[in-house]
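Visitor: Handing you this structure, nothing more for now.
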Amino acid sequence: MTADPADDTRTRILRAALDLFAEHGYQRTSLRQIGERLRLTKAAVLYHFPAKEHLLGALVEPLVADLEALLDSAQGQPTEQARWTVLEGWVDIMLAHRRPLGMLFHDIALVGRGDTYHRLMTIAMRANDVIAGPDGGRRDRVRAVQAVATCSDPVVFFTDVPDEVLRADMLDGVRRLLTPDAAVPHTASPADSSTAGAAVSSPAPQAGAGRRRPGRPPALGREQVEAARRMHAAGTHSVDAIAATLGVSRATVYRHLTDNNGTV
């Protein structure tokens, strides 16, 4: 099936617009610049997008639609299941749309020009209701707002962190916020029984190497362990690089990478 040339041109315009918005900002990018990058006339761009605001709306639409679909999928689920369906799905959607989010962060006031702002506010309120729960009080609703921020803001501020690492950190943070016990290093969690003992006690650090710097977490969360194992298995990161990325000691990384035979 041959692609529609009109659809292809529209896609190219959106891609060029996103690149230019990221480089120069929305306000300083003109439709003429977008056309010149694609060797199109301004009239050709206007044929697909009658105003620059329509470009912004089209770039943000996939993010908004994905969030609306996520909230729809959580409807009817038990409270706790719905809460984590939304939180984990929210993180995944934020990571999938990192570039448009970066653009929105710099030009956030622009979403108020159309109905996108109202849709985003409705999405935020729906998410807060799900996370707080049907019987949530004021503090529950405050934590729900904080949880959404925990699952959103780091995507904009930590642009150099790989998706899988940032996902693990974001979910670890929101669990610590909503589940007080999660703030305690892993002990006897049924889901993490293979590393529970290691999280409780660790061997004394060797002099001059593997010493944990102040402020480093003493153990890795479940998602961080999975991220560390994926990076190691892919051969893209050394143990030192994994430790630096996750903010833990080499000994902690080795402990979670070691299999039952004592080999890494």
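Letters A, B, ... mark the chains of the structure tokens in the order given; residue numbers begin at 1 per chain; ligand numbers begin at 1, in order shown.
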Could you pull the residues within 12 Å of Ile242 of chain A, counting only C-alpha atoms, minus those fewer than 3 positions along the same chain, as a VMD selection string?

Guide: chain A and resid 161 to 162 164 to 165 220 224 to 239 245 to 254 256 to 257

Visitor: Give the answer as one residue: which of A:Met94, A:Leu87, A:Ala132, A:Ala127 has the shortest atom-to-atom distance to Leu166 of chain A, using only C-alpha atoms?

Guide: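 Looking at the shortest contact to Leu166 of chain A, the residue is A:Met94.
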
Visitor: Find the residues near Leu40 of chain A: any atom within 12 Å, counting only C-alpha atoms, skip ones fewer than 3 places away on the same chain, and give them as a VMD selection string.

Guide: chain A and resid 9 to 10 12 to 13 16 31 to 37 43 to 48

Visitor: Compile the contact shell of Leu177 of chain A as a PyMOL selection string: residues with an atom at most 10 Å away, counting only C-alpha atoms, same-chain residues fewer than 6 positions apart removed.

Guide: chain A and resi 143-144+146-147+150+171+183

Visitor: Since we have the selection now, will you write its residues out, keeping all heavy atoms, as a short mmCIF file (atom, residue, chain, number, x, y, z; two decimals), in the first residue's frame?

Guide:
```cif
data_model
loop_
_atom_site.label_atom_id
_atom_site.label_comp_id
_atom_site.auth_asym_id
_atom_site.auth_seq_id
_atom_site.Cartn_x
_atom_site.Cartn_y
_atom_site.Cartn_z
N ARG A 143 -0.53 14.08 48.01
CA ARG A 143 0.46 13.09 47.58
C ARG A 143 0.20 12.64 46.15
O ARG A 143 1.14 12.33 45.40
CB ARG A 143 0.44 11.88 48.52
CG ARG A 143 1.04 12.17 49.89
CD ARG A 143 1.36 10.89 50.64
NE ARG A 143 1.88 11.18 51.96
CZ ARG A 143 1.16 11.15 53.07
NH1 ARG A 143 -0.12 10.83 53.00
NH2 ARG A 143 1.70 11.43 54.25
N ALA A 144 -1.06 12.62 45.75
CA ALA A 144 -1.37 12.24 44.37
C ALA A 144 -0.79 13.25 43.39
O ALA A 144 -0.22 12.88 42.36
CB ALA A 144 -2.89 12.13 44.19
N GLN A 146 1.77 15.18 43.99
CA GLN A 146 3.22 14.99 44.05
C GLN A 146 3.64 13.76 43.24
O GLN A 146 4.69 13.76 42.59
CB GLN A 146 3.66 14.83 45.50
CG GLN A 146 3.50 16.10 46.34
CD GLN A 146 3.80 15.85 47.80
OE1 GLN A 146 3.30 14.90 48.40
NE2 GLN A 146 4.63 16.70 48.40
N ALA A 147 2.81 12.71 43.29
CA ALA A 147 3.15 11.48 42.57
C ALA A 147 3.17 11.72 41.06
O ALA A 147 4.05 11.22 40.36
CB ALA A 147 2.14 10.38 42.92
N THR A 150 6.30 13.41 40.26
CA THR A 150 7.40 12.46 40.35
C THR A 150 7.50 11.62 39.08
O THR A 150 8.60 11.24 38.66
CB THR A 150 7.20 11.53 41.56
OG1 THR A 150 7.14 12.32 42.75
CG2 THR A 150 8.33 10.53 41.70
N LEU A 171 10.05 5.35 39.24
CA LEU A 171 9.13 4.45 39.92
C LEU A 171 9.57 4.19 41.36
O LEU A 171 8.74 4.06 42.26
CB LEU A 171 8.99 3.14 39.15
CG LEU A 171 8.24 3.26 37.82
CD1 LEU A 171 8.26 1.92 37.07
CD2 LEU A 171 6.80 3.71 38.04
N ALA A 183 10.59 3.33 51.74
CA ALA A 183 11.73 4.19 52.05
C ALA A 183 12.82 3.43 52.78
O ALA A 183 13.96 3.86 52.86
CB ALA A 183 11.28 5.38 52.88
#
```

Visitor: Which residue out of A:Ala69, A:Pro134, A:Arg99, A:Val145 has the minimum interatomic distance to Leu20 of chain A when only C-alpha atoms are used?

Guide: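 Nearest to Leu20 of chain A: A:Arg99.
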
Visitor: Write down as a PyMOL selection string the residues belonging to segment 59-112 of chain A that are assigned alpha helix (DSSP H) by DSSP computed on the backbone.

Guide: chain A and resi 59-74+79-96+98-106

Visitor: Of the candidates A:Leu14, A:Val130, A:Val174, A:Ala96, which shows the shortest atom-to-atom distance to Gln77 of chain A, using only C-alpha atoms?

Guide: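 Looking only at the distances to Gln77 of chain A, the closest residue turns out to be A:Val130.
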
Visitor: Might you pull out every residue within 12 Å of Ile93 of chain A, with only C-alpha atoms counted and same-chain residues fewer than 4 positions away left off, and present them as a list in words?

Guide: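 Counting only C-alpha atoms, the residues come to Pro62, Leu63, Val64, Ala65, Asp66, Leu67, Glu68, Ala69, Leu70, Leu71, Thr85, Val86, Leu87, Glu88, Gly89, His97, Arg98, Arg99, Pro100, Leu101, Cys151, Ser152, Val155, Asp163 and Arg167 of chain A.
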
Visitor: Could you write those residues out with C-alpha atoms, as a JSON list (two decimals), in the first residue's frame?

Guide:
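Result saved to part32.json:
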```
[["chain", "number", "residue", "atom", "x", "y", "z"],
["A", 62, "PRO", "CA", -0.08, 11.91, 20.65],
["A", 63, "LEU", "CA", 1.00, 12.55, 24.26],
["A", 64, "VAL", "CA", -2.44, 13.78, 25.29],
["A", 65, "ALA", "CA", -4.21, 10.92, 23.51],
["A", 66, "ASP", "CA", -1.95, 8.33, 25.14],
["A", 67, "LEU", "CA", -2.64, 9.75, 28.61],
["A", 68, "GLU", "CA", -6.39, 9.76, 27.99],
["A", 69, "ALA", "CA", -6.24, 6.13, 26.81],
["A", 70, "LEU", "CA", -4.21, 5.18, 29.89],
["A", 71, "LEU", "CA", -6.81, 6.65, 32.24],
["A", 85, "THR", "CA", -1.62, 1.11, 36.25],
["A", 86, "VAL", "CA", -1.77, 4.91, 35.97],
["A", 87, "LEU", "CA", 1.58, 5.59, 37.65],
["A", 88, "GLU", "CA", 3.62, 3.04, 35.68],
["A", 89, "GLY", "CA", 1.83, 3.86, 32.45],
["A", 97, "HIS", "CA", 7.33, 11.51, 24.40],
["A", 98, "ARG", "CA", 10.53, 13.04, 25.77],
["A", 99, "ARG", "CA", 11.13, 15.46, 22.89],
["A", 100, "PRO", "CA", 7.66, 17.08, 22.80],
["A", 101, "LEU", "CA", 7.76, 17.31, 26.59],
["A", 151, "CYS", "CA", 6.33, 10.53, 37.25],
["A", 152, "SER", "CA", 6.70, 13.52, 34.93],
["A", 155, "VAL", "CA", 11.93, 13.32, 32.11],
["A", 163, "ASP", "CA", 15.15, 5.61, 29.55],
["A", 167, "ARG", "CA", 12.20, 4.76, 34.60]]
```

Visitor: So what do you get for atom CA of Leu59 of chain A versus atom CA of Ala74 of chain A, distance-wise?

Guide: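 Atom-to-atom, atom CA of Leu59 of chain A to atom CA of Ala74 of chain A, that is 25.0 Å.
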
Visitor: Record the distance separating atom CA of Ala82 of chain A and atom CA of Gly137 of chain A, expressed in Å with one decimal.

Guide: 17.6 Å

Visitor: With distances taken over only C-alpha atoms, which of A:Arg138, A:Gly133, A:Arg28, A:Asp172 is nearest to Gln81 of chain A?

Guide: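 Of all the options, A:Gly133 lies closest to Gln81 of chain A.
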